[in-house]
file input13.pdb (PDB, C-alpha atoms, pLDDT in the B column)
MODEL        1
ATOM      1  CA  ASN A   1       0.000   0.000   0.000  1.00 65.00           C
ATOM      2  CA  ALA A   2       1.664   3.194  -1.206  1.00 68.00           C
ATOM      3  CA  PHE A   3      -0.253   5.275   1.352  1.00 80.00           C
ATOM      4  CA  LEU A   4       0.250   3.083   4.414  1.00 77.00           C
ATOM      5  CA  GLY A   5       0.712   5.316   7.442  1.00 78.00           C
ATOM      6  CA  ALA A   6      -0.541   8.447   5.637  1.00 80.00           C
ATOM      7  CA  ASN A   7      -2.933   9.292   8.436  1.00 91.00           C
ATOM      8  CA  LYS A   8      -3.404  13.056   8.123  1.00 93.00           C
ATOM      9  CA  LEU A   9      -4.756  13.490   4.605  1.00 94.00           C
ATOM     10  CA  LYS A  10      -7.560  16.074   4.412  1.00 96.00           C
ATOM     11  CA  SER A  11      -8.163  16.265   0.665  1.00 97.00           C
ATOM     12  CA  ILE A  12      -7.862  13.644  -2.082  1.00 96.00           C
ATOM     13  CA  GLU A  13      -8.421  14.211  -5.798  1.00 95.00           C
ATOM     14  CA  LEU A  14      -7.887  11.226  -8.074  1.00 93.00           C
ATOM     15  CA  GLU A  15      -8.938   9.895 -11.472  1.00 91.00           C
ATOM     16  CA  MET A  16      -8.333   6.154 -10.834  1.00 87.00           C
ATOM     17  CA  SER A  17     -10.045   3.445 -12.916  1.00 86.00           C
ATOM     18  CA  SER A  18     -13.752   2.953 -13.517  1.00 89.00           C
ATOM     19  CA  ASP A  19     -13.766  -0.368 -11.642  1.00 91.00           C
ATOM     20  CA  LEU A  20     -12.375   1.106  -8.427  1.00 91.00           C
ATOM     21  CA  SER A  21     -14.652   0.142  -5.534  1.00 93.00           C
ATOM     22  CA  ALA A  22     -15.245   2.117  -2.371  1.00 95.00           C
ATOM     23  CA  ARG A  23     -13.831  -0.824  -0.453  1.00 94.00           C
ATOM     24  CA  SER A  24     -10.608  -0.689  -2.455  1.00 93.00           C
ATOM     25  CA  PHE A  25     -10.381   3.053  -1.936  1.00 93.00           C
ATOM     26  CA  TYR A  26     -10.707   2.554   1.814  1.00 94.00           C
ATOM     27  CA  GLY A  27      -7.964  -0.061   1.614  1.00 93.00           C
ATOM     28  CA  LEU A  28      -5.659   2.568   0.136  1.00 91.00           C
ATOM     29  CA  PHE A  29      -6.541   5.557   2.300  1.00 93.00           C
ATOM     30  CA  GLY A  30      -8.175   4.121   5.418  1.00 94.00           C
ATOM     31  CA  ASP A  31      -5.380   5.431   7.627  1.00 95.00           C
ATOM     32  CA  SER A  32      -6.866   8.891   7.037  1.00 96.00           C
ATOM     33  CA  ALA A  33     -10.391   7.811   7.993  1.00 95.00           C
ATOM     34  CA  SER A  34     -10.531  10.369  10.802  1.00 96.00           C
ATOM     35  CA  THR A  35      -9.033  13.322   8.916  1.00 97.00           C
ATOM     36  CA  LEU A  36     -10.270  13.237   5.290  1.00 97.00           C
ATOM     37  CA  GLU A  37     -12.673  16.100   4.552  1.00 98.00           C
ATOM     38  CA  SER A  38     -12.773  16.403   0.763  1.00 98.00           C
ATOM     39  CA  LEU A  39     -12.871  13.598  -1.808  1.00 97.00           C
ATOM     40  CA  SER A  40     -13.000  13.683  -5.611  1.00 97.00           C
ATOM     41  CA  ILE A  41     -12.690  10.546  -7.752  1.00 96.00           C
ATOM     42  CA  GLY A  42     -13.142  11.189 -11.450  1.00 95.00           C
ATOM     43  CA  ALA A  43     -13.584   7.700 -12.910  1.00 94.00           C
ATOM     44  CA  MET A  44     -15.358   5.618 -10.229  1.00 95.00           C
ATOM     45  CA  THR A  45     -18.702   4.310 -11.554  1.00 96.00           C
ATOM     46  CA  PHE A  46     -20.342   2.458  -8.653  1.00 96.00           C
ATOM     47  CA  LEU A  47     -20.628   2.375  -4.879  1.00 96.00           C
ATOM     48  CA  GLU A  48     -21.280  -1.071  -3.462  1.00 95.00           C
ATOM     49  CA  ASP A  49     -23.798  -1.754  -0.702  1.00 96.00           C
ATOM     50  CA  GLY A  50     -23.293  -1.346   2.975  1.00 95.00           C
ATOM     51  CA  THR A  51     -25.500  -3.501   5.182  1.00 95.00           C
ATOM     52  CA  SER A  52     -26.943  -1.035   7.717  1.00 96.00           C
ATOM     53  CA  VAL A  53     -26.505   2.401   9.272  1.00 95.00           C
ATOM     54  CA  SER A  54     -24.065   0.859  11.748  1.00 94.00           C
ATOM     55  CA  SER A  55     -22.258  -1.037   8.978  1.00 96.00           C
ATOM     56  CA  PRO A  56     -22.390   1.409   6.040  1.00 96.00           C
ATOM     57  CA  GLY A  57     -20.560   1.608   2.728  1.00 95.00           C
ATOM     58  CA  SER A  58     -16.814   2.067   2.858  1.00 96.00           C
ATOM     59  CA  LEU A  59     -16.818   5.797   2.040  1.00 96.00           C
ATOM     60  CA  ALA A  60     -18.983   6.412   5.103  1.00 96.00           C
ATOM     61  CA  LEU A  61     -16.082   5.207   7.235  1.00 96.00           C
ATOM     62  CA  PHE A  62     -14.378   8.541   6.515  1.00 97.00           C
ATOM     63  CA  LYS A  63     -16.351  10.154   9.318  1.00 96.00           C
ATOM     64  CA  ASN A  64     -15.279  13.745   8.724  1.00 97.00           C
ATOM     65  CA  LEU A  65     -16.037  13.931   5.002  1.00 98.00           C
ATOM     66  CA  LYS A  66     -17.635  17.252   4.124  1.00 98.00           C
ATOM     67  CA  THR A  67     -17.425  17.297   0.316  1.00 98.00           C
ATOM     68  CA  VAL A  68     -17.727  14.375  -2.118  1.00 98.00           C
ATOM     69  CA  ASN A  69     -17.380  14.662  -5.902  1.00 98.00           C
ATOM     70  CA  LEU A  70     -18.102  11.469  -7.850  1.00 98.00           C
ATOM     71  CA  PRO A  71     -19.239  12.759 -11.250  1.00 97.00           C
ATOM     72  CA  LYS A  72     -19.219   9.404 -13.068  1.00 97.00           C
ATOM     73  CA  VAL A  73     -20.787   7.152 -10.442  1.00 97.00           C
ATOM     74  CA  GLU A  74     -23.935   5.590 -11.930  1.00 97.00           C
ATOM     75  CA  THR A  75     -24.997   3.248  -9.107  1.00 97.00           C
ATOM     76  CA  VAL A  76     -25.144   4.163  -5.424  1.00 98.00           C
ATOM     77  CA  GLY A  77     -25.715   1.180  -3.156  1.00 97.00           C
ATOM     78  CA  LYS A  78     -27.450   0.722   0.176  1.00 97.00           C
ATOM     79  CA  TYR A  79     -26.202   2.849   3.077  1.00 98.00           C
ATOM     80  CA  SER A  80     -23.381   4.239   0.926  1.00 97.00           C
ATOM     81  CA  PHE A  81     -23.099   7.453   2.960  1.00 97.00           C
ATOM     82  CA  ALA A  82     -25.103   6.441   6.021  1.00 97.00           C
ATOM     83  CA  GLY A  83     -24.173   8.215   9.223  1.00 97.00           C
ATOM     84  CA  LEU A  84     -21.979  10.876   7.595  1.00 97.00           C
ATOM     85  CA  THR A  85     -23.280  13.786   9.629  1.00 97.00           C
ATOM     86  CA  SER A  86     -20.370  15.973   8.494  1.00 98.00           C
ATOM     87  CA  LEU A  87     -21.304  15.664   4.792  1.00 98.00           C
ATOM     88  CA  THR A  88     -22.599  18.947   3.368  1.00 98.00           C
ATOM     89  CA  THR A  89     -21.884  18.839  -0.380  1.00 98.00           C
ATOM     90  CA  ILE A  90     -22.159  15.953  -2.834  1.00 98.00           C
ATOM     91  CA  ASN A  91     -21.984  15.631  -6.605  1.00 98.00           C
ATOM     92  CA  LEU A  92     -23.445  12.442  -8.059  1.00 98.00           C
ATOM     93  CA  SER A  93     -24.521  14.026 -11.322  1.00 98.00           C
ATOM     94  CA  SER A  94     -24.410  10.771 -13.319  1.00 98.00           C
ATOM     95  CA  ALA A  95     -26.024   8.567 -10.672  1.00 98.00           C
ATOM     96  CA  ILE A  96     -29.108   6.889 -12.147  1.00 97.00           C
ATOM     97  CA  THR A  97     -29.710   4.141  -9.592  1.00 97.00           C
ATOM     98  CA  VAL A  98     -29.579   5.422  -6.011  1.00 98.00           C
ATOM     99  CA  ASP A  99     -30.769   3.232  -3.151  1.00 97.00           C
ATOM    100  CA  SER A 100     -33.262   4.907  -0.842  1.00 96.00           C
ATOM    101  CA  THR A 101     -31.022   4.238   2.178  1.00 97.00           C
ATOM    102  CA  ALA A 102     -27.914   5.871   0.686  1.00 98.00           C
ATOM    103  CA  PHE A 103     -28.142   8.986   2.879  1.00 98.00           C
ATOM    104  CA  SER A 104     -29.665   7.488   6.021  1.00 97.00           C
ATOM    105  CA  SER A 105     -28.706   9.324   9.213  1.00 97.00           C
ATOM    106  CA  THR A 106     -26.775  12.056   7.416  1.00 97.00           C
ATOM    107  CA  GLY A 107     -28.751  15.181   8.258  1.00 96.00           C
ATOM    108  CA  ASN A 108     -26.545  18.120   7.239  1.00 98.00           C
ATOM    109  CA  LEU A 109     -26.495  18.117   3.443  1.00 98.00           C
ATOM    110  CA  LYS A 110     -26.660  21.616   1.978  1.00 98.00           C
ATOM    111  CA  THR A 111     -25.801  21.098  -1.697  1.00 98.00           C
ATOM    112  CA  VAL A 112     -26.809  18.052  -3.764  1.00 98.00           C
ATOM    113  CA  ASP A 113     -26.316  17.451  -7.492  1.00 98.00           C
ATOM    114  CA  ILE A 114     -27.717  14.086  -8.524  1.00 98.00           C
ATOM    115  CA  GLY A 115     -28.786  12.360 -11.732  1.00 98.00           C
ATOM    116  CA  MET A 116     -31.692  10.003 -10.891  1.00 98.00           C
ATOM    117  CA  LYS A 117     -34.028   8.383 -13.435  1.00 97.00           C
ATOM    118  CA  ALA A 118     -36.416  10.241 -15.737  1.00 97.00           C
ATOM    119  CA  ALA A 119     -39.363   8.680 -13.886  1.00 97.00           C
ATOM    120  CA  THR A 120     -38.122   9.844 -10.485  1.00 97.00           C
ATOM    121  CA  THR A 121     -40.821  11.644  -8.497  1.00 96.00           C
ATOM    122  CA  ALA A 122     -40.482  14.536  -6.082  1.00 95.00           C
ATOM    123  CA  LYS A 123     -41.496  12.106  -3.340  1.00 95.00           C
ATOM    124  CA  ASN A 124     -38.616   9.814  -4.306  1.00 96.00           C
ATOM    125  CA  VAL A 125     -36.218  12.749  -3.970  1.00 97.00           C
ATOM    126  CA  TYR A 126     -37.708  13.768  -0.642  1.00 96.00           C
ATOM    127  CA  ASP A 127     -37.550  10.236   0.731  1.00 97.00           C
ATOM    128  CA  LEU A 128     -33.899   9.983  -0.319  1.00 97.00           C
ATOM    129  CA  LEU A 129     -32.814  13.311   1.163  1.00 98.00           C
ATOM    130  CA  SER A 130     -35.309  13.748   4.000  1.00 97.00           C
ATOM    131  CA  PRO A 131     -32.643  13.325   6.711  1.00 97.00           C
ATOM    132  CA  SER A 132     -31.445  16.763   5.519  1.00 98.00           C
ATOM    133  CA  GLU A 133     -34.935  18.286   5.323  1.00 96.00           C
ATOM    134  CA  ALA A 134     -33.908  21.147   7.623  1.00 97.00           C
ATOM    135  CA  THR A 135     -30.553  21.953   5.983  1.00 98.00           C
ATOM    136  CA  LEU A 136     -30.764  21.431   2.198  1.00 98.00           C
ATOM    137  CA  GLU A 137     -30.218  24.728   0.363  1.00 98.00           C
ATOM    138  CA  SER A 138     -29.274  23.829  -3.212  1.00 98.00           C
ATOM    139  CA  LEU A 139     -30.688  20.921  -5.227  1.00 98.00           C
ATOM    140  CA  THR A 140     -30.066  19.763  -8.790  1.00 98.00           C
ATOM    141  CA  VAL A 141     -31.883  16.680 -10.090  1.00 98.00           C
ATOM    142  CA  ARG A 142     -30.675  16.223 -13.631  1.00 98.00           C
ATOM    143  CA  ASN A 143     -33.007  13.669 -15.185  1.00 98.00           C
ATOM    144  CA  MET A 144     -36.380  14.022 -13.442  1.00 97.00           C
ATOM    145  CA  GLU A 145     -39.066  14.922 -15.983  1.00 97.00           C
ATOM    146  CA  ILE A 146     -42.200  15.492 -13.895  1.00 96.00           C
ATOM    147  CA  VAL A 147     -42.688  17.199 -10.530  1.00 95.00           C
ATOM    148  CA  GLU A 148     -46.009  15.772  -9.450  1.00 93.00           C
ATOM    149  CA  ASP A 149     -48.902  17.712  -7.899  1.00 90.00           C
ATOM    150  CA  GLY A 150     -49.318  18.536  -4.292  1.00 87.00           C
ATOM    151  CA  THR A 151     -52.933  18.157  -3.260  1.00 79.00           C
ATOM    152  CA  SER A 152     -53.666  21.408  -1.422  1.00 76.00           C
ATOM    153  CA  LEU A 153     -52.164  24.366   0.401  1.00 74.00           C
ATOM    154  CA  ASP A 154     -51.885  22.120   3.440  1.00 78.00           C
ATOM    155  CA  LYS A 155     -50.312  19.275   1.475  1.00 84.00           C
ATOM    156  CA  PRO A 156     -48.004  20.821  -1.130  1.00 88.00           C
ATOM    157  CA  GLY A 157     -45.490  19.013  -3.319  1.00 90.00           C
ATOM    158  CA  SER A 158     -42.763  16.974  -1.657  1.00 94.00           C
ATOM    159  CA  LEU A 159     -39.910  19.303  -2.675  1.00 94.00           C
ATOM    160  CA  SER A 160     -41.567  22.144  -0.775  1.00 92.00           C
ATOM    161  CA  LEU A 161     -40.843  20.223   2.432  1.00 93.00           C
ATOM    162  CA  PHE A 162     -37.208  21.306   2.125  1.00 95.00           C
ATOM    163  CA  LYS A 163     -37.918  24.591   3.884  1.00 91.00           C
ATOM    164  CA  GLN A 164     -34.366  25.970   3.599  1.00 96.00           C
ATOM    165  CA  LEU A 165     -34.172  25.380  -0.147  1.00 97.00           C
ATOM    166  CA  LYS A 166     -32.752  28.454  -1.905  1.00 98.00           C
ATOM    167  CA  THR A 167     -31.886  27.200  -5.399  1.00 98.00           C
ATOM    168  CA  ILE A 168     -33.266  24.374  -7.477  1.00 98.00           C
ATOM    169  CA  SER A 169     -32.334  23.188 -10.962  1.00 98.00           C
ATOM    170  CA  LEU A 170     -34.354  20.575 -12.852  1.00 98.00           C
ATOM    171  CA  PRO A 171     -32.834  20.684 -16.343  1.00 98.00           C
ATOM    172  CA  GLU A 172     -35.060  17.968 -17.869  1.00 98.00           C
ATOM    173  CA  ALA A 173     -38.363  18.641 -16.071  1.00 97.00           C
ATOM    174  CA  THR A 174     -41.177  19.354 -18.504  1.00 97.00           C
ATOM    175  CA  THR A 175     -44.138  19.385 -16.104  1.00 97.00           C
ATOM    176  CA  ILE A 176     -44.373  21.181 -12.760  1.00 96.00           C
ATOM    177  CA  GLY A 177     -47.474  20.187 -10.823  1.00 94.00           C
ATOM    178  CA  ASN A 178     -49.932  22.139  -8.706  1.00 94.00           C
ATOM    179  CA  TYR A 179     -48.498  23.397  -5.409  1.00 93.00           C
ATOM    180  CA  ALA A 180     -45.134  21.882  -6.380  1.00 93.00           C
ATOM    181  CA  PHE A 181     -43.080  24.465  -4.439  1.00 93.00           C
ATOM    182  CA  TYR A 182     -45.848  26.132  -2.474  1.00 91.00           C
ATOM    183  CA  GLY A 183     -44.574  27.889   0.632  1.00 90.00           C
ATOM    184  CA  CYS A 184     -40.843  27.592  -0.118  1.00 93.00           C
ATOM    185  CA  SER A 185     -40.226  30.988   1.436  1.00 92.00           C
ATOM    186  CA  ASN A 186     -36.425  30.796   1.090  1.00 96.00           C
ATOM    187  CA  LEU A 187     -36.443  29.763  -2.562  1.00 97.00           C
ATOM    188  CA  SER A 188     -34.720  32.487  -4.580  1.00 98.00           C
ATOM    189  CA  SER A 189     -33.631  30.848  -7.860  1.00 98.00           C
ATOM    190  CA  VAL A 190     -35.325  28.221 -10.035  1.00 97.00           C
ATOM    191  CA  SER A 191     -33.997  26.770 -13.294  1.00 98.00           C
ATOM    192  CA  LEU A 192     -36.545  24.888 -15.429  1.00 98.00           C
ATOM    193  CA  PRO A 193     -35.176  25.197 -18.980  1.00 97.00           C
ATOM    194  CA  GLU A 194     -37.455  22.490 -20.446  1.00 97.00           C
ATOM    195  CA  ALA A 195     -40.688  23.180 -18.531  1.00 97.00           C
ATOM    196  CA  THR A 196     -43.747  23.506 -20.764  1.00 96.00           C
ATOM    197  CA  THR A 197     -46.497  22.999 -18.158  1.00 96.00           C
ATOM    198  CA  ILE A 198     -46.623  24.728 -14.773  1.00 96.00           C
ATOM    199  CA  GLY A 199     -49.550  23.990 -12.478  1.00 94.00           C
ATOM    200  CA  SER A 200     -51.708  26.170 -10.313  1.00 92.00           C
ATOM    201  CA  SER A 201     -50.036  27.756  -7.264  1.00 92.00           C
ATOM    202  CA  ALA A 202     -46.766  26.005  -8.104  1.00 93.00           C
ATOM    203  CA  PHE A 203     -44.768  28.937  -6.690  1.00 93.00           C
ATOM    204  CA  SER A 204     -47.332  30.593  -4.421  1.00 92.00           C
ATOM    205  CA  ASP A 205     -45.911  32.020  -1.211  1.00 92.00           C
ATOM    206  CA  CYS A 206     -42.352  31.722  -2.499  1.00 94.00           C
ATOM    207  CA  SER A 207     -41.694  35.162  -1.099  1.00 94.00           C
ATOM    208  CA  SER A 208     -37.939  35.209  -1.793  1.00 96.00           C
ATOM    209  CA  LEU A 209     -38.132  34.134  -5.430  1.00 96.00           C
ATOM    210  CA  SER A 210     -36.103  36.542  -7.556  1.00 97.00           C
ATOM    211  CA  ARG A 211     -34.943  34.484 -10.549  1.00 96.00           C
ATOM    212  CA  VAL A 212     -36.800  31.934 -12.675  1.00 94.00           C
ATOM    213  CA  SER A 213     -35.279  30.402 -15.809  1.00 95.00           C
ATOM    214  CA  LEU A 214     -37.855  28.968 -18.261  1.00 94.00           C
ATOM    215  CA  PRO A 215     -37.753  27.997 -21.958  1.00 89.00           C
TER
ENDMDL
END
call {"tool": "encode", "arguments": {"input": "input13.pdb", "output": "structure tokens"}}
result
Amino acid sequence: NAFLGANKLKSIELEMSSDLSARSFYGLFGDSASTLESLSIGAMTFLEDGTSVSSPGSLALFKNLKTVNLPKVETVGKYSFAGLTSLTTINLSSAITVDSTAFSSTGNLKTVDIGMKAATTAKNVYDLLSPSEATLESLTVRNMEIVEDGTSLDKPGSLSLFKQLKTISLPEATTIGNYAFYGCSNLSSVSLPEATTIGSSAFSDCSSLSRVSLP
């Protein structure tokens, strides 16, 4: 191991190979499990499963990680980042398959850029990121095509439950449902470059909204 005994690394930026696993990465850099704060791996394409919150994926063993950049990862397994309460920023812009437990017991995410499937719903996104309901400020979901309706002022769309959300980008969304962002009082910037249908009260009571990008 070329990095054996390197136990004070704070930042790692690598390309590596596309078949690099999180387990293998931990084998290389595990001596810095308590110090690593920033991680960028350019070529990695998958994150294998952990088994539970108490036995998460290997990257979650770097307990002080704040920023993760994995732009080519396509599959994110169970409990991949579970328990990483220090994690605030993550880029998984190519991730299509993301297990619903991937961010269990995180709770402090502020910036998320994620791919997801075209059929992903706002509820799917909320369920995935709900541990950070009170902290999420910036959200990009690259492939989602429809933001489904909320049902009323009292039950708005799922994304509106992220009450600290300030910016949202949905580059492939064509339909924004009724009450989709109702009551997002901190929302200031929305990018919907492909939206052709916007429902009733979709942005009602978004009192901070100052910039909307539409076709």
call {"tool": "resolve_selection", "arguments": {"input": "input13.pdb", "expression": "the PyMOL selection byres ((chain A and resi 27-37) around 10)", "output": "compact mmCIF listing (two decimals) with C-alpha atoms, in the coordinates of the input"}}
result
# COMPACT_ATOMS: atom_id res chain seq x y z
CA ASN A 1 0.00 0.00 0.00
CA ALA A 2 1.66 3.19 -1.21
CA PHE A 3 -0.25 5.28 1.35
CA LEU A 4 0.25 3.08 4.41
CA GLY A 5 0.71 5.32 7.44
CA ALA A 6 -0.54 8.45 5.64
CA ASN A 7 -2.93 9.29 8.44
CA LYS A 8 -3.40 13.06 8.12
CA LEU A 9 -4.76 13.49 4.61
CA LYS A 10 -7.56 16.07 4.41
CA SER A 11 -8.16 16.26 0.66
CA ILE A 12 -7.86 13.64 -2.08
CA SER A 21 -14.65 0.14 -5.53
CA ALA A 22 -15.24 2.12 -2.37
CA ARG A 23 -13.83 -0.82 -0.45
CA SER A 24 -10.61 -0.69 -2.46
CA PHE A 25 -10.38 3.05 -1.94
CA TYR A 26 -10.71 2.55 1.81
CA SER A 38 -12.77 16.40 0.76
CA LEU A 39 -12.87 13.60 -1.81
CA SER A 58 -16.81 2.07 2.86
CA LEU A 59 -16.82 5.80 2.04
CA ALA A 60 -18.98 6.41 5.10
CA LEU A 61 -16.08 5.21 7.24
CA PHE A 62 -14.38 8.54 6.52
CA LYS A 63 -16.35 10.15 9.32
CA ASN A 64 -15.28 13.74 8.72
CA LEU A 65 -16.04 13.93 5.00
CA LYS A 66 -17.64 17.25 4.12
CA THR A 67 -17.42 17.30 0.32
CA VAL A 68 -17.73 14.38 -2.12
CA SER A 86 -20.37 15.97 8.49
CA LEU A 87 -21.30 15.66 4.79
call {"tool": "closest_residue", "arguments": {"input": "input13.pdb", "among": "A:Lys123, A:Arg142, A:Lys110, A:Lys72", "to": "Leu159 in chain A", "atoms": "all atoms listed in the file"}}
result
A:Lys123
call {"tool": "resolve_selection", "arguments": {"input": "input13.pdb", "expression": "the PyMOL selection byres ((chain A and resi 128) around 8)", "output": "compact mmCIF listing (two decimals) with C-alpha atoms, in the frame of the given file"}}
result
# COMPACT_ATOMS: atom_id res chain seq x y z
CA ASP A 99 -30.77 3.23 -3.15
CA SER A 100 -33.26 4.91 -0.84
CA THR A 101 -31.02 4.24 2.18
CA ALA A 102 -27.91 5.87 0.69
CA PHE A 103 -28.14 8.99 2.88
CA ASN A 124 -38.62 9.81 -4.31
CA VAL A 125 -36.22 12.75 -3.97
CA TYR A 126 -37.71 13.77 -0.64
CA ASP A 127 -37.55 10.24 0.73
CA LEU A 129 -32.81 13.31 1.16
CA SER A 130 -35.31 13.75 4.00
CA PRO A 131 -32.64 13.32 6.71
call {"tool": "residues_near_point", "arguments": {"input": "input13.pdb", "point": "(-30.5, 16.2, 9.7)", "cutoff": "7 Å", "atoms": "all atoms listed in the file", "output": "ChimeraX atom specification"}}
result
/A:106-108,131-135
call {"tool": "write_last_selection", "arguments": {"input": "input13.pdb", "atoms": "C-alpha atoms", "output": "PDB file, in the frame of the given file"}}
result
ATOM      1  CA  THR A 106     -26.775  12.056   7.416  1.00 97.00           C
ATOM      2  CA  GLY A 107     -28.751  15.181   8.258  1.00 96.00           C
ATOM      3  CA  ASN A 108     -26.545  18.120   7.239  1.00 98.00           C
ATOM      4  CA  PRO A 131     -32.643  13.325   6.711  1.00 97.00           C
ATOM      5  CA  SER A 132     -31.445  16.763   5.519  1.00 98.00           C
ATOM      6  CA  GLU A 133     -34.935  18.286   5.323  1.00 96.00           C
ATOM      7  CA  ALA A 134     -33.908  21.147   7.623  1.00 97.00           C
ATOM      8  CA  THR A 135     -30.553  21.953   5.983  1.00 98.00           C
TER       9      THR A 135
END
call {"tool": "atom_distance", "arguments": {"input": "input13.pdb", "atom1": "CA of Leu84 in chain A", "atom2": "CA of Ala43 in chain A"}}
result
22.4 Å
call {"tool": "atom_distance", "arguments": {"input": "input13.pdb", "atom1": "CA of Ser105 in chain A", "atom2": "CA of Glu137 in chain A"}}
result
17.8 Å
call {"tool": "resolve_selection", "arguments": {"input": "input13.pdb", "expression": "the PyMOL selection byres ((chain A and resi 208) around 10)", "output": "list in words"}}
result
Lys166, Cys184, Ser185, Asn186, Leu187, Ser188, Ser189, Asp205, Cys206, Ser207, Leu209, Ser210 and Arg211 of chain A
call {"tool": "write_last_selection", "arguments": {"input": "input13.pdb", "atoms": "C-alpha atoms", "output": "PDB file, in the frame of the given file"}}
result
ATOM      1  CA  LYS A 166     -32.752  28.454  -1.905  1.00 98.00           C
ATOM      2  CA  CYS A 184     -40.843  27.592  -0.118  1.00 93.00           C
ATOM      3  CA  SER A 185     -40.226  30.988   1.436  1.00 92.00           C
ATOM      4  CA  ASN A 186     -36.425  30.796   1.090  1.00 96.00           C
ATOM      5  CA  LEU A 187     -36.443  29.763  -2.562  1.00 97.00           C
ATOM      6  CA  SER A 188     -34.720  32.487  -4.580  1.00 98.00           C
ATOM      7  CA  SER A 189     -33.631  30.848  -7.860  1.00 98.00           C
ATOM      8  CA  ASP A 205     -45.911  32.020  -1.211  1.00 92.00           C
ATOM      9  CA  CYS A 206     -42.352  31.722  -2.499  1.00 94.00           C
ATOM     10  CA  SER A 207     -41.694  35.162  -1.099  1.00 94.00           C
ATOM     11  CA  LEU A 209     -38.132  34.134  -5.430  1.00 96.00           C
ATOM     12  CA  SER A 210     -36.103  36.542  -7.556  1.00 97.00           C
ATOM     13  CA  ARG A 211     -34.943  34.484 -10.549  1.00 96.00           C
TER      14      ARG A 211
END
call {"tool": "residues_around", "arguments": {"input": "input13.pdb", "residues": "Glu13 in chain A", "least_positions_apart": "4", "cutoff": "8 Å", "atoms": "all atoms listed in the file", "output": "ChimeraX atom specification"}}
result
/A:39-42
call {"tool": "residues_around", "arguments": {"input": "input13.pdb", "residues": "Pro171 in chain A", "least_positions_apart": "6", "cutoff": "7 Å", "atoms": "only C-alpha atoms", "output": "short mmCIF file (atom, residue, chain, number, x, y, z; two decimals) with C-alpha atoms, in the frame of the given file"}}
result
data_model
loop_
_atom_site.label_atom_id
_atom_site.label_comp_id
_atom_site.auth_asym_id
_atom_site.auth_seq_id
_atom_site.Cartn_x
_atom_site.Cartn_y
_atom_site.Cartn_z
CA ARG A 142 -30.68 16.22 -13.63
CA SER A 191 -34.00 26.77 -13.29
CA LEU A 192 -36.54 24.89 -15.43
CA PRO A 193 -35.18 25.20 -18.98
CA GLU A 194 -37.46 22.49 -20.45
#
call {"tool": "atom_distance", "arguments": {"input": "input13.pdb", "atom1": "CA of Leu136 in chain A", "atom2": "CA of Tyr179 in chain A"}}
result
19.4 Å
call {"tool": "closest_residue", "arguments": {"input": "input13.pdb", "among": "A:Gly83, A:Gly199, A:Pro215, A:Pro71", "to": "Asp113 in chain A", "atoms": "all atoms listed in the file"}}
result
A:Pro71
call {"tool": "residues_near_point", "arguments": {"input": "input13.pdb", "point": "(-46.1, 22.9, -6.6)", "cutoff": "10 Å", "atoms": "all atoms listed in the file", "output": "ChimeraX atom specification"}}
result
/A:147-153,155-160,176-184,198-204
call {"tool": "residues_around", "arguments": {"input": "input13.pdb", "residues": "Thr75 in chain A", "least_positions_apart": "5", "cutoff": "8 Å", "atoms": "only C-alpha atoms", "output": "ChimeraX atom specification"}}
result
/A:45-47,95-98
